[in-house]
>>> print(open('start.cif').read())   # mmCIF, C-alpha atoms
data_entry
#
loop_
_atom_site.group_PDB
_atom_site.id
_atom_site.type_symbol
_atom_site.label_atom_id
_atom_site.label_comp_id
_atom_site.auth_asym_id
_atom_site.auth_seq_id
_atom_site.Cartn_x
_atom_site.Cartn_y
_atom_site.Cartn_z
ATOM 1 C CA MET A 1 53.731 83.990 42.977
ATOM 2 C CA ARG A 2 52.805 87.539 42.011
ATOM 3 C CA ALA A 3 56.248 88.627 43.227
ATOM 4 C CA VAL A 4 57.771 85.946 40.989
ATOM 5 C CA GLU A 5 55.684 87.119 38.022
ATOM 6 C CA ALA A 6 56.845 90.693 38.669
ATOM 7 C CA GLY A 7 60.485 89.584 38.666
ATOM 8 C CA ARG A 8 61.083 90.675 42.242
ATOM 9 C CA VAL A 9 62.212 87.198 43.287
ATOM 10 C CA GLY A 10 62.918 83.879 41.595
ATOM 11 C CA LEU A 11 61.536 80.537 42.667
ATOM 12 C CA ASP A 12 65.030 79.135 42.970
ATOM 13 C CA ASP A 13 66.352 82.049 45.029
ATOM 14 C CA ALA A 14 67.605 81.191 48.501
ATOM 15 C CA ALA A 15 65.016 82.060 51.142
ATOM 16 C CA ALA A 16 67.477 82.845 53.943
ATOM 17 C CA PRO A 17 68.575 86.375 52.947
ATOM 18 C CA LEU A 18 64.994 87.626 52.787
ATOM 19 C CA VAL A 19 63.881 85.743 55.886
ATOM 20 C CA ASP A 20 66.860 87.170 57.802
ATOM 21 C CA LYS A 21 65.910 90.691 56.736
ATOM 22 C CA ALA A 22 62.369 90.163 57.988
ATOM 23 C CA LEU A 23 63.548 88.601 61.249
ATOM 24 C CA ARG A 24 65.465 91.782 61.966
ATOM 25 C CA ARG A 25 62.309 93.774 61.217
ATOM 26 C CA VAL A 26 60.317 91.805 63.797
ATOM 27 C CA GLY A 27 63.033 92.466 66.361
ATOM 28 C CA ALA A 28 64.863 89.136 66.273
ATOM 29 C CA ASN A 29 68.637 89.248 66.514
ATOM 30 C CA THR A 30 69.089 85.929 64.723
ATOM 31 C CA THR A 31 69.131 84.286 61.296
ATOM 32 C CA LEU A 32 67.470 81.307 59.660
ATOM 33 C CA ALA A 33 70.763 79.406 59.716
ATOM 34 C CA ALA A 34 71.350 80.214 63.375
ATOM 35 C CA LEU A 35 67.939 78.787 64.206
ATOM 36 C CA PHE A 36 67.840 75.733 61.943
ATOM 37 C CA GLY A 37 71.499 75.064 61.162
ATOM 38 C CA PRO A 38 73.589 75.534 58.012
ATOM 39 C CA ARG A 39 71.202 73.504 55.829
ATOM 40 C CA ALA A 40 68.754 76.410 56.082
ATOM 41 C CA ARG A 41 70.961 78.371 53.680
ATOM 42 C CA LEU A 42 70.112 75.811 50.968
ATOM 43 C CA VAL A 43 66.325 76.217 51.192
ATOM 44 C CA THR A 44 64.757 77.954 48.197
ATOM 45 C CA LEU A 45 61.460 79.746 47.755
ATOM 46 C CA ARG A 46 60.302 76.932 45.481
ATOM 47 C CA GLN A 47 60.932 74.390 48.224
ATOM 48 C CA LEU A 48 58.945 76.415 50.751
ATOM 49 C CA LEU A 49 55.987 76.593 48.372
ATOM 50 C CA HIS A 50 56.330 72.928 47.400
ATOM 51 C CA MET A 51 56.594 71.596 50.963
ATOM 52 C CA SER A 52 60.009 70.187 50.081
ATOM 53 C CA SER A 53 62.176 72.395 52.308
ATOM 54 C CA GLY A 54 62.510 69.625 54.892
ATOM 55 C CA ILE A 55 61.897 72.135 57.700
ATOM 56 C CA ALA A 56 59.976 70.729 60.664
ATOM 57 C CA ASP A 57 56.396 71.741 61.420
ATOM 58 C CA PHE A 58 55.696 73.938 64.459
ATOM 59 C CA ASP A 59 52.250 72.331 64.706
ATOM 60 C CA TYR A 60 52.790 69.607 67.296
ATOM 61 C CA PRO A 61 50.865 68.937 70.552
ATOM 62 C CA ALA A 62 53.255 70.550 73.035
ATOM 63 C CA PHE A 63 53.422 73.764 70.987
ATOM 64 C CA ASP A 64 49.667 73.824 70.423
ATOM 65 C CA ASP A 65 48.925 73.326 74.115
ATOM 66 C CA ALA A 66 51.271 76.105 75.225
ATOM 67 C CA LEU A 67 49.967 78.460 72.527
ATOM 68 C CA LEU A 68 46.363 78.014 73.564
ATOM 69 C CA GLN A 69 47.164 78.342 77.241
ATOM 70 C CA ALA A 70 48.732 81.716 76.488
ATOM 71 C CA GLY A 71 45.798 82.536 74.213
ATOM 72 C CA VAL A 72 43.425 82.354 77.156
ATOM 73 C CA ALA A 73 45.202 85.475 78.394
ATOM 74 C CA LYS A 74 44.812 86.979 74.897
ATOM 75 C CA ARG A 75 48.549 87.400 74.442
ATOM 76 C CA VAL A 76 49.728 88.391 70.937
ATOM 77 C CA HIS A 77 51.943 85.819 69.225
ATOM 78 C CA THR A 78 54.422 87.106 66.650
ATOM 79 C CA PRO A 79 55.578 85.054 63.639
ATOM 80 C CA LEU A 80 58.897 84.600 65.423
ATOM 81 C CA GLU A 81 57.173 82.443 68.035
ATOM 82 C CA PHE A 82 56.059 79.961 65.353
ATOM 83 C CA VAL A 83 59.508 79.899 63.758
ATOM 84 C CA LEU A 84 61.116 79.263 67.153
ATOM 85 C CA GLY A 85 58.616 76.477 67.758
ATOM 86 C CA ALA A 86 59.747 74.730 64.579
ATOM 87 C CA ALA A 87 63.422 75.349 65.333
ATOM 88 C CA ALA A 88 62.965 73.652 68.712
ATOM 89 C CA VAL A 89 62.014 70.355 67.030
ATOM 90 C CA LYS A 90 64.868 67.845 67.135
ATOM 91 C CA PRO A 91 66.074 67.540 64.452
ATOM 92 C CA PRO A 92 64.762 70.779 62.896
ATOM 93 C CA PHE A 93 64.979 69.211 59.413
ATOM 94 C CA ILE A 94 63.143 65.979 58.674
ATOM 95 C CA CYS A 95 65.081 65.563 55.416
ATOM 96 C CA GLU A 96 67.637 67.401 53.314
ATOM 97 C CA PRO A 97 66.169 70.404 51.463
ATOM 98 C CA GLY A 98 64.611 69.234 48.213
ATOM 99 C CA SER A 99 64.818 65.524 49.017
ATOM 100 C CA CYS A 100 61.284 64.904 50.355
ATOM 101 C CA VAL A 101 57.775 66.351 50.221
ATOM 102 C CA SER A 102 56.238 66.723 53.677
ATOM 103 C CA TYR A 103 53.599 69.220 54.793
ATOM 104 C CA SER A 104 54.857 71.833 57.246
ATOM 105 C CA SER A 105 52.960 75.005 58.157
ATOM 106 C CA THR A 106 56.331 76.547 59.021
ATOM 107 C CA ASN A 107 56.954 76.943 55.291
ATOM 108 C CA TYR A 108 54.093 79.430 55.039
ATOM 109 C CA VAL A 109 55.249 81.454 58.035
ATOM 110 C CA LEU A 110 58.687 81.711 56.399
ATOM 111 C CA LEU A 111 57.065 82.743 53.104
ATOM 112 C CA GLY A 112 55.206 85.440 55.025
ATOM 113 C CA LEU A 113 58.555 86.718 56.276
ATOM 114 C CA VAL A 114 59.799 86.753 52.677
ATOM 115 C CA LEU A 115 56.824 88.923 51.688
ATOM 116 C CA LEU A 116 57.455 91.190 54.676
ATOM 117 C CA ALA A 117 61.064 91.663 53.557
ATOM 118 C CA LEU A 118 59.853 92.653 50.074
ATOM 119 C CA ASP A 119 57.392 95.229 51.436
ATOM 120 C CA ASP A 120 59.253 98.339 52.566
ATOM 121 C CA SER A 121 55.989 99.969 53.631
ATOM 122 C CA ALA A 122 55.380 97.362 56.348
ATOM 123 C CA GLN A 123 57.573 98.016 59.353
ATOM 124 C CA ALA A 124 55.837 95.425 61.525
ATOM 125 C CA TRP A 125 54.553 91.954 60.694
ATOM 126 C CA TYR A 126 50.932 92.930 61.342
ATOM 127 C CA GLU A 127 51.242 95.779 58.808
ATOM 128 C CA LEU A 128 51.733 93.383 55.888
ATOM 129 C CA ASP A 129 48.719 93.974 53.606
ATOM 130 C CA GLN A 130 47.836 90.460 52.475
ATOM 131 C CA LYS A 131 44.939 91.662 50.332
ATOM 132 C CA ALA A 132 47.188 94.057 48.431
ATOM 133 C CA LEU A 133 49.500 91.154 47.637
ATOM 134 C CA LEU A 134 46.743 89.652 45.488
ATOM 135 C CA GLY A 135 47.182 92.601 43.136
ATOM 136 C CA GLY A 136 45.136 92.983 39.990
ATOM 137 C CA GLY A 137 42.051 95.158 39.670
ATOM 138 C CA ALA A 138 38.949 94.364 41.682
ATOM 139 C CA ASP A 139 39.423 92.888 45.135
ATOM 140 C CA PRO A 140 38.821 89.112 44.742
ATOM 141 C CA LEU A 141 37.962 88.829 48.445
ATOM 142 C CA PRO A 142 35.911 91.989 49.202
ATOM 143 C CA ARG A 143 34.108 90.593 52.259
ATOM 144 C CA SER A 144 37.113 88.772 53.692
ATOM 145 C CA SER A 145 39.635 89.723 56.345
ATOM 146 C CA PHE A 146 43.157 88.563 57.075
ATOM 147 C CA LEU A 147 43.313 88.472 60.857
ATOM 148 C CA THR A 148 46.453 89.564 62.688
ATOM 149 C CA THR A 149 45.641 90.672 66.236
ATOM 150 C CA GLY A 150 42.550 91.199 68.352
ATOM 151 C CA PRO A 151 39.809 88.739 69.371
ATOM 152 C CA ILE A 152 38.925 86.258 66.631
ATOM 153 C CA SER A 153 35.246 86.770 67.487
ATOM 154 C CA ASP A 154 35.482 90.381 66.242
ATOM 155 C CA SER A 155 35.788 89.113 62.662
ATOM 156 C CA THR A 156 33.833 85.850 62.630
ATOM 157 C CA THR A 157 30.184 84.947 62.940
ATOM 158 C CA LEU A 158 30.924 81.311 63.798
ATOM 159 C CA PHE A 159 33.158 80.769 66.810
ATOM 160 C CA GLY A 160 35.480 77.814 66.456
ATOM 161 C CA LYS A 161 35.826 75.067 69.038
ATOM 162 C CA HIS A 162 39.202 73.370 69.317
ATOM 163 C CA GLY A 163 39.286 69.975 70.947
ATOM 164 C CA LYS A 164 42.104 67.434 71.080
ATOM 165 C CA PRO A 165 42.611 64.600 73.585
ATOM 166 C CA SER A 166 45.797 66.069 75.081
ATOM 167 C CA LEU A 167 44.731 69.696 75.090
ATOM 168 C CA TRP A 168 44.782 71.977 78.131
ATOM 169 C CA PRO A 169 42.665 73.773 79.168
ATOM 170 C CA LEU A 170 39.703 71.641 78.224
ATOM 171 C CA GLY A 171 36.279 73.043 78.949
ATOM 172 C CA ARG A 172 33.332 71.138 80.278
ATOM 173 C CA ARG A 173 32.734 69.678 76.828
ATOM 174 C CA GLY A 174 36.387 68.932 76.161
ATOM 175 C CA GLN A 175 36.912 71.923 73.873
ATOM 176 C CA VAL A 176 38.533 75.359 73.905
ATOM 177 C CA ASP A 177 36.604 78.409 72.655
ATOM 178 C CA ILE A 178 38.780 79.906 69.930
ATOM 179 C CA GLY A 179 36.647 82.996 69.369
ATOM 180 C CA ALA A 180 37.789 84.533 72.656
ATOM 181 C CA GLN A 181 41.487 84.138 71.795
ATOM 182 C CA ASP A 182 43.781 86.530 69.971
ATOM 183 C CA ALA A 183 43.860 86.142 66.183
ATOM 184 C CA SER A 184 47.639 85.794 66.231
ATOM 185 C CA ILE A 185 47.275 82.157 67.373
ATOM 186 C CA LEU A 186 46.271 81.340 63.785
ATOM 187 C CA GLY A 187 49.862 81.507 62.593
ATOM 188 C CA TRP A 188 49.702 84.738 60.609
ATOM 189 C CA VAL A 189 49.819 84.032 56.844
ATOM 190 C CA CYS A 190 49.465 80.262 57.197
ATOM 191 C CA GLY A 191 45.903 80.290 58.514
ATOM 192 C CA ASN A 192 44.410 83.730 59.137
ATOM 193 C CA LEU A 193 41.780 84.197 56.406
ATOM 194 C CA ALA A 194 38.243 84.857 57.658
ATOM 195 C CA SER A 195 35.785 84.671 54.776
ATOM 196 C CA THR A 196 32.527 83.241 53.479
ATOM 197 C CA THR A 197 32.428 79.923 51.656
ATOM 198 C CA GLY A 198 30.889 81.603 48.610
ATOM 199 C CA GLU A 199 33.687 84.146 48.368
ATOM 200 C CA VAL A 200 36.416 81.514 48.755
ATOM 201 C CA ALA A 201 34.776 79.342 46.082
ATOM 202 C CA GLN A 202 34.639 82.377 43.785
ATOM 203 C CA PHE A 203 38.315 83.091 44.471
ATOM 204 C CA PHE A 204 39.295 79.583 43.402
ATOM 205 C CA TRP A 205 37.124 79.939 40.277
ATOM 206 C CA GLU A 206 38.994 83.102 39.302
ATOM 207 C CA LEU A 207 42.349 81.515 40.181
ATOM 208 C CA LEU A 208 41.993 78.079 38.587
ATOM 209 C CA VAL A 209 39.269 78.370 35.924
ATOM 210 C CA GLU A 210 39.240 81.968 34.713
ATOM 211 C CA ARG A 211 42.943 82.282 35.591
ATOM 212 C CA SER A 212 42.479 86.005 36.080
ATOM 213 C CA ILE A 213 44.562 86.309 39.265
ATOM 214 C CA LEU A 214 47.802 84.737 38.033
ATOM 215 C CA ARG A 215 49.148 83.964 34.564
ATOM 216 C CA HIS A 216 48.330 80.692 32.841
ATOM 217 C CA ASP A 217 51.941 79.474 32.974
ATOM 218 C CA THR A 218 52.114 80.301 36.683
ATOM 219 C CA ILE A 219 49.040 78.180 37.403
ATOM 220 C CA GLU A 220 50.486 75.337 35.348
ATOM 221 C CA ALA A 221 53.680 75.468 37.421
ATOM 222 C CA MET A 222 51.691 75.543 40.658
ATOM 223 C CA ALA A 223 49.740 72.460 39.560
ATOM 224 C CA GLU A 224 52.836 70.285 39.015
ATOM 225 C CA LEU A 225 52.096 67.842 41.803
ATOM 226 C CA GLU A 226 54.133 65.372 43.815
ATOM 227 C CA PRO A 227 52.715 63.034 46.486
ATOM 228 C CA LEU A 228 53.465 63.799 50.118
ATOM 229 C CA GLY A 229 55.963 61.146 51.116
ATOM 230 C CA LEU A 230 56.408 61.790 54.830
ATOM 231 C CA GLY A 231 54.222 62.795 57.745
ATOM 232 C CA TRP A 232 50.702 64.213 57.654
ATOM 233 C CA GLY A 233 48.691 63.525 54.494
ATOM 234 C CA ARG A 234 51.065 60.876 53.181
ATOM 235 C CA GLY A 235 49.391 58.670 50.620
ATOM 236 C CA HIS A 236 46.252 60.697 49.915
ATOM 237 C CA ILE A 237 47.545 64.222 49.178
ATOM 238 C CA ALA A 238 49.805 65.523 46.404
ATOM 239 C CA TYR A 239 51.372 68.988 46.543
ATOM 240 C CA GLY A 240 52.387 71.570 43.956
ATOM 241 C CA LEU A 241 53.412 75.173 44.568
ATOM 242 C CA GLY A 242 50.889 76.244 47.162
ATOM 243 C CA LEU A 243 48.199 73.979 45.695
ATOM 244 C CA MET A 244 47.039 70.663 47.078
ATOM 245 C CA LEU A 245 45.432 67.742 45.259
ATOM 246 C CA LYS A 246 43.374 65.901 47.832
ATOM 247 C CA GLN A 247 41.266 62.776 47.729
ATOM 248 C CA THR A 248 38.193 63.126 49.890
ATOM 249 C CA SER A 249 37.361 59.415 49.900
ATOM 250 C CA TRP A 250 39.347 57.577 52.552
ATOM 251 C CA ALA A 251 39.397 54.488 50.326
ATOM 252 C CA ARG A 252 41.448 56.023 47.475
ATOM 253 C CA GLY A 253 44.674 57.857 46.689
ATOM 254 C CA ALA A 254 44.833 61.311 45.080
ATOM 255 C CA ARG A 255 44.852 61.202 41.273
ATOM 256 C CA TYR A 256 43.758 64.214 39.237
ATOM 257 C CA GLY A 257 40.594 63.574 37.251
ATOM 258 C CA GLU A 258 39.320 60.762 39.457
ATOM 259 C CA TRP A 259 36.103 61.266 41.389
ATOM 260 C CA GLY A 260 36.673 62.448 44.912
ATOM 261 C CA THR A 261 39.705 64.597 44.145
ATOM 262 C CA TYR A 262 39.867 68.376 44.106
ATOM 263 C CA LEU A 263 42.657 70.840 43.308
ATOM 264 C CA GLY A 264 42.859 73.651 45.840
ATOM 265 C CA HIS A 265 43.783 73.537 49.498
ATOM 266 C CA GLY A 266 42.470 72.242 52.784
ATOM 267 C CA GLY A 267 42.622 74.046 56.079
ATOM 268 C CA ASN A 268 43.085 72.679 59.590
ATOM 269 C CA THR A 269 43.622 75.383 62.158
ATOM 270 C CA TYR A 270 42.640 75.834 65.788
ATOM 271 C CA GLY A 271 38.862 75.517 65.956
ATOM 272 C CA PHE A 272 38.190 75.272 62.226
ATOM 273 C CA LEU A 273 38.399 72.794 59.345
ATOM 274 C CA SER A 274 37.875 73.665 55.689
ATOM 275 C CA GLU A 275 38.183 72.264 52.189
ATOM 276 C CA GLN A 276 38.078 74.283 48.966
ATOM 277 C CA GLY A 277 39.109 74.069 45.353
ATOM 278 C CA LEU A 278 38.179 72.871 41.860
ATOM 279 C CA ILE A 279 36.273 69.662 41.113
ATOM 280 C CA PRO A 280 37.389 69.099 37.503
ATOM 281 C CA GLN A 281 34.627 66.706 36.415
ATOM 282 C CA LEU A 282 31.964 69.224 37.460
ATOM 283 C CA ASN A 283 33.899 72.303 36.290
ATOM 284 C CA ALA A 284 32.921 73.786 39.636
ATOM 285 C CA THR A 285 34.679 75.263 42.633
ATOM 286 C CA PHE A 286 33.513 74.898 46.210
ATOM 287 C CA SER A 287 34.329 75.735 49.803
ATOM 288 C CA VAL A 288 33.078 74.119 52.991
ATOM 289 C CA VAL A 289 33.925 75.001 56.608
ATOM 290 C CA ALA A 290 33.235 73.475 60.021
ATOM 291 C CA ASN A 291 33.716 75.406 63.257
ATOM 292 C CA SER A 292 35.275 72.486 65.122
ATOM 293 C CA ASN A 293 38.422 70.494 64.441
ATOM 294 C CA ALA A 294 37.813 67.716 66.950
ATOM 295 C CA ASP A 295 37.615 65.223 64.041
ATOM 296 C CA ASP A 296 40.352 66.022 61.516
ATOM 297 C CA LEU A 297 38.792 63.871 58.785
ATOM 298 C CA PHE A 298 35.134 64.867 59.001
ATOM 299 C CA VAL A 299 35.064 67.812 56.575
ATOM 300 C CA ALA A 300 37.107 66.077 53.869
ATOM 301 C CA GLY A 301 36.264 62.434 54.399
ATOM 302 C CA VAL A 302 32.548 62.810 55.072
ATOM 303 C CA LEU A 303 31.111 66.253 54.266
ATOM 304 C CA THR A 304 33.091 67.161 51.130
ATOM 305 C CA CYS A 305 32.991 63.588 49.905
ATOM 306 C CA GLN A 306 29.192 63.542 50.146
ATOM 307 C CA ILE A 307 28.899 66.968 48.500
ATOM 308 C CA ILE A 308 30.839 65.678 45.480
ATOM 309 C CA ALA A 309 28.779 62.489 45.304
ATOM 310 C CA VAL A 310 25.458 64.354 45.491
ATOM 311 C CA ALA A 311 26.589 67.009 42.978
ATOM 312 C CA ALA A 312 27.640 64.317 40.496
ATOM 313 C CA GLU A 313 24.191 62.765 40.670
ATOM 314 C CA GLU A 314 22.241 66.028 40.610
ATOM 315 C CA VAL A 315 24.279 67.803 37.912
ATOM 316 C CA LEU A 316 25.426 64.924 35.710
ATOM 317 C CA GLY A 317 23.066 62.123 36.665
ATOM 318 C CA HIS A 318 26.011 59.936 37.654
ATOM 319 C CA ASN A 319 26.049 57.630 40.643
ATOM 320 C CA ILE A 320 29.800 57.637 41.247
ATOM 321 C CA ARG A 321 29.626 55.234 44.204
ATOM 322 C CA LEU A 322 32.233 57.230 46.126
ATOM 323 C CA PRO A 323 33.091 55.624 49.481
ATOM 324 C CA CYS A 324 32.670 58.367 52.076
ATOM 325 C CA GLY A 325 33.525 58.117 55.735
ATOM 326 C CA GLY A 326 35.483 54.918 55.493
#
>>> encode(input="start.cif", output="structure tokens")
Amino acid sequence: MRAVEAGRVGLDDAAAPLVDKALRRVGANTTLAALFGPRARLVTLRQLLHMSSGIADFDYPAFDDALLQAGVAKRVHTPLEFVLGAAAVKPPFICEPGSCVSYSSTNYVLLGLVLLALDDSAQAWYELDQKALLGGGADPLPRSSFLTTGPISDSTTLFGKHGKPSLWPLGRRGQVDIGAQDASILGWVCGNLASTTGEVAQFFWELLVERSILRHDTIEAMAELEPLGLGWGRGHIAYGLGLMLKQTSWARGARYGEWGTYLGHGGNTYGFLSEQGLIPQLNATFSVVANSNADDLFVAGVLTCQIIAVAAEEVLGHNIRLPCGG
């Protein structure tokens, strides 16, 4: 969005020319249309940010299993590998571009390639300076790192455990140690931030309350939300431009201003779950992380839900009777 504010790109620009430029930079002799078919030429930057590109998600069990098997050997995974994983899905589009809203992590990998194409100083994908892209004055994430390559344990104090029923190789406790794997398994720009909860909460305060990172009109555009209509999160998540409105109570849908909702973004990556954003009724931002993703719904549906309920009672004296965990 800072590139949009600077006039370097427009939200309704086609993504393919920039993605193709970046693919060449990462050594791929192919194009977005060659991988995903002619409909890929119709995808815009707005649609990638809004989860309305229709492009399939690379995050499916067979891809995850193979990725983590290779990760045991600490092999580096380039962004191209994640794009190829999505292109291998049949069909590679779940809907026509712009005709549905469905969460796909592939959108963020493609947006990373767009940023790489705009940065002439980065000749390799791992040279993209994600912190510099935040711009502005003081670093809003001074203690954070964006991980590219090298052992995840080098940059984290909590080592994530990834456990899914179909996963190989499962350890004695049915989980894979993510800390020993290469950071490139995290999908580059779609899931590679290592930070503290306090710093992430402060970032969302500056972004959504102070509005000191992006312009007011940019934030308003990002917060124009539409419910996810297909796939993961359907029915309880709405999506804007890189922002998610999520209902933490399993018994309700996502409606801004109702208890249990927050505006920000959740995270579900190998070995970690997180929720962070703005709770409007409390005028407060938060972040919470768990170093296991064995239960996809625990952090949002139990932990975050209970945090909101307790904060409402402690700060406002309100018993909001929020159904958590069911």
>>> residues_around(input="start.cif", residues="Leu225 of chain A", least_positions_apart="3", cutoff="12 Å", atoms="all atoms listed in the file", output="list in words")
Leu49, His50, Met51, Ser52, Val101, Ile219, Glu220, Ala221, Met222, Leu228, Ile237, Ala238, Tyr239, Gly240, Leu241, Gly242, Leu243, Met244, Leu245, Lys246, Ala254, Arg255, Tyr256, Leu263 and Gly264 of chain A
>>> write_last_selection(input="start.cif", atoms="C-alpha atoms", output="PDB file, in the frame of the given file")
ATOM      1  CA  LEU A  49      55.987  76.593  48.372  1.00  0.00           C
ATOM      2  CA  HIS A  50      56.330  72.928  47.400  1.00  0.00           C
ATOM      3  CA  MET A  51      56.594  71.596  50.963  1.00  0.00           C
ATOM      4  CA  SER A  52      60.009  70.187  50.081  1.00  0.00           C
ATOM      5  CA  VAL A 101      57.775  66.351  50.221  1.00  0.00           C
ATOM      6  CA  ILE A 219      49.040  78.180  37.403  1.00  0.00           C
ATOM      7  CA  GLU A 220      50.486  75.337  35.348  1.00  0.00           C
ATOM      8  CA  ALA A 221      53.680  75.468  37.421  1.00  0.00           C
ATOM      9  CA  MET A 222      51.691  75.543  40.658  1.00  0.00           C
ATOM     10  CA  LEU A 228      53.465  63.799  50.118  1.00  0.00           C
ATOM     11  CA  ILE A 237      47.545  64.222  49.178  1.00  0.00           C
ATOM     12  CA  ALA A 238      49.805  65.523  46.404  1.00  0.00           C
ATOM     13  CA  TYR A 239      51.372  68.988  46.543  1.00  0.00           C
ATOM     14  CA  GLY A 240      52.387  71.570  43.956  1.00  0.00           C
ATOM     15  CA  LEU A 241      53.412  75.173  44.568  1.00  0.00           C
ATOM     16  CA  GLY A 242      50.889  76.244  47.162  1.00  0.00           C
ATOM     17  CA  LEU A 243      48.199  73.979  45.695  1.00  0.00           C
ATOM     18  CA  MET A 244      47.039  70.663  47.078  1.00  0.00           C
ATOM     19  CA  LEU A 245      45.432  67.742  45.259  1.00  0.00           C
ATOM     20  CA  LYS A 246      43.374  65.901  47.832  1.00  0.00           C
ATOM     21  CA  ALA A 254      44.833  61.311  45.080  1.00  0.00           C
ATOM     22  CA  ARG A 255      44.852  61.202  41.273  1.00  0.00           C
ATOM     23  CA  TYR A 256      43.758  64.214  39.237  1.00  0.00           C
ATOM     24  CA  LEU A 263      42.657  70.840  43.308  1.00  0.00           C
ATOM     25  CA  GLY A 264      42.859  73.651  45.840  1.00  0.00           C
TER      26      GLY A 264
END
>>> resolve_selection(input="start.cif", expression="the PyMOL selection byres ((chain A and resi 1-12) around 7)", output="PDB file with C-alpha atoms, in the frame of the given file")
ATOM      1  CA  ASP A  13      66.352  82.049  45.029  1.00  0.00           C
ATOM      2  CA  ALA A  14      67.605  81.191  48.501  1.00  0.00           C
ATOM      3  CA  THR A  44      64.757  77.954  48.197  1.00  0.00           C
ATOM      4  CA  LEU A  45      61.460  79.746  47.755  1.00  0.00           C
ATOM      5  CA  ARG A  46      60.302  76.932  45.481  1.00  0.00           C
ATOM      6  CA  LEU A 214      47.802  84.737  38.033  1.00  0.00           C
TER       7      LEU A 214
END
>>> resolve_selection(input="start.cif", expression="the PyMOL selection byres ((chain A and resi 118) around 12)", output="ChimeraX atom specification")
/A:2-4,6-9,15,17-22,25,111-117,119-123,125,128-129,133
>>> closest_residue(input="start.cif", among="A:Gln276, A:Ser184, A:Asn268, A:Ser249", to="Leu208 of chain A", atoms="all atoms listed in the file")
A:Gln276
>>> atom_distance(input="start.cif", atom1="atom CA of Ala312 of chain A", atom2="atom CA of Pro280 of chain A")
11.3 Å
>>> residues_around(input="start.cif", residues="segment 30-33 of chain A", least_positions_apart="3", cutoff="6 Å", atoms="all atoms listed in the file", output="count of residues only")
6
